[in-house]
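Novice: Let me begin by handing over the structure; questions about it come next.
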Amino acid sequence: MARFKKKKAGGPQSINTASLPDIVFMLLFFFMVSTTMKEVDLKVIVRPAQATELSKLEHKELVTFIYVGVPSRAFQSLYGNEPRVQLNDQFATVDDIQSYIAQARDNMRESDQSKMIVSIKADKECPMGIITDIKQALRKAAALKINYSASQKTTK
């Protein structure tokens, strides 16, 4: 004779996971759209100087960066240990700054071109002669709004 098994009463109900892939793909799509990629890979070592009176830049889309520092270890065999100028992802000379500024201005909207700010991110051990040469090149390129990047000085 066959026996019938009784169903066990109680126990937690299973959760319906049919919509789980839809939720995962929505989250994935959201993060892909909203994430910004790193714009520049630094090839120079920049340890910013410290300052007490700092102000934060409001419109980052108006800022063009110039990096100055000693090449990182991977590039020291090619470029040596002297401070170098980096524009975007490439090493450059001071003579290249005018064309770099002109190109950055062309990529901006016409109404924002007069508001362009050039931010110099220089190593604190960088000689002032290079900074002066950069400032002279920026003057020739008619980029007169200059910002020096620094980190907040901690008070003790």
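Starting from 1 in every chain, residues are counted up; chains themselves are A, B, ... following the order of the structure tokens, and ligands are numbered from 1 as listed.
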What's the 10 Å shell around segment 111-113 of chain A, counting only C-alpha atoms, without same-chain residues fewer than 4 positions away, as a list of chain:residue names?

Specialist: A:Glu61, A:Leu62, A:Ala104, A:Arg105, A:Asp106, A:Asn107, A:Ile117, A:Ala143

Novice: Output N, CA and C atoms for every residue in the selection just made, as a compact mmCIF listing (two decimals), in the first residue's frame.

Specialist:
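File produced: result_35.txt:
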# COMPACT_ATOMS: atom_id res chain seq x y z
N GLU A 61 34.72 72.88 -15.14
CA GLU A 61 34.79 72.75 -16.59
C GLU A 61 35.53 73.91 -17.23
N LEU A 62 35.73 75.00 -16.50
CA LEU A 62 36.45 76.16 -17.01
C LEU A 62 37.95 76.09 -16.73
N ALA A 104 42.61 74.26 -25.87
CA ALA A 104 41.65 74.18 -24.76
C ALA A 104 40.56 75.24 -24.91
N ARG A 105 40.94 76.42 -25.38
CA ARG A 105 39.95 77.48 -25.61
C ARG A 105 38.98 77.11 -26.72
N ASP A 106 39.50 76.48 -27.77
CA ASP A 106 38.64 76.07 -28.89
C ASP A 106 37.63 75.02 -28.47
N ASN A 107 37.97 74.19 -27.48
CA ASN A 107 37.06 73.14 -27.02
C ASN A 107 35.97 73.67 -26.10
N ILE A 117 40.26 79.46 -16.71
CA ILE A 117 41.26 79.56 -15.65
C ILE A 117 42.30 78.49 -15.90
N ALA A 143 46.23 83.99 -21.55
CA ALA A 143 45.56 83.29 -20.45
C ALA A 143 46.02 83.96 -19.17

Novice: With a distance cut-off of 9 Å and only C-alpha atoms, select the neighbouring residues of Asp123 of chain A, excluding the residue or stretch itself and same-chain residues fewer than 3 positions from it, and output the selection as a compact mmCIF listing (two decimals) with C-alpha atoms, in the first residue's frame.

Specialist:
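Written out: part.txt:
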# COMPACT_ATOMS: atom_id res chain seq x y z
CA VAL A 44 55.05 63.57 -12.92
CA ILE A 45 55.20 63.54 -9.14
CA VAL A 46 53.24 66.47 -7.70
CA ARG A 47 53.40 67.14 -3.99
CA PRO A 48 51.48 70.40 -3.67
CA ALA A 49 52.62 73.18 -1.41
CA TYR A 67 51.30 69.77 -14.14
CA VAL A 68 54.94 70.41 -13.20
CA GLY A 69 57.19 68.00 -11.35
CA VAL A 70 59.87 65.34 -11.49
CA PRO A 83 61.25 68.81 -13.32
CA CYS A 126 59.96 72.73 -8.30
CA PRO A 127 62.30 75.62 -9.17

Novice: Between A:Ile101, A:Ile66, A:Val85, A:Ala150, which one has atoms that come closest to Ser119 of chain A, using only C-alpha atoms?

Specialist: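 Of all the options, A:Ile66 lies closest to Ser119 of chain A.
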
Novice: Using only C-alpha atoms, determine which residues lie at most 9 Å from Glu39 of chain A, disregarding the query and same-chain residues fewer than 2 positions distant; provide the list as a short mmCIF file (atom, residue, chain, number, x, y, z; two decimals) with N, CA and C atoms, in the first residue's frame.

Specialist:
data_model
loop_
_atom_site.label_atom_id
_atom_site.label_comp_id
_atom_site.auth_asym_id
_atom_site.auth_seq_id
_atom_site.Cartn_x
_atom_site.Cartn_y
_atom_site.Cartn_z
N THR A 36 32.33 59.37 -13.89
CA THR A 36 33.28 60.04 -14.77
C THR A 36 34.61 59.32 -14.67
N MET A 37 35.27 59.21 -15.77
CA MET A 37 36.56 58.54 -15.80
C MET A 37 37.66 59.53 -15.44
N ASP A 41 46.32 60.84 -16.60
CA ASP A 41 47.23 59.98 -15.85
C ASP A 41 48.49 60.78 -15.59
N ASN A 88 47.98 67.52 -20.39
CA ASN A 88 47.13 66.34 -20.58
C ASN A 88 47.92 65.10 -20.21
N ASP A 89 48.10 64.16 -21.12
CA ASP A 89 48.79 62.92 -20.81
C ASP A 89 50.19 62.85 -21.41
#

Novice: Go through chain A and collect every residue that DSSP, computed from the backbone, puts in helix (DSSP H, G or I); the answer should be as a PyMOL selection string.

Specialist: chain A and resi 20-34+60-62+73-79+94-106+113-115+128-140

Novice: Based on DSSP run over this structure's backbone, return all residues of segment 22-101 of chain A in strand (DSSP E or B), as a PyMOL selection string.

Specialist: chain A and resi 44-45+49-51+63-71+84-87+90-92

Novice: Would you work out the distance separating atom CA of Lys60 of chain A from atom CA of Glu125 of chain A, expressed in Å to one decimal?

Specialist: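 Interatomic distance, atom CA of Lys60 of chain A to atom CA of Glu125 of chain A: 25.9 Å.
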
Novice: Pick from A:Asp133, A:Glu110, A:Glu82, A:Glu53: nearest to Ser149 of chain A, with only C-alpha atoms counted?

Specialist: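 Nearest candidate to Ser149 of chain A out of A:Asp133, A:Glu110, A:Glu82, A:Glu53: A:Glu53.
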
Novice: In Å, how far is it from atom CA of Arg109 of chain A to atom CA of Glu58 of chain A?

Specialist: 17.1 Å
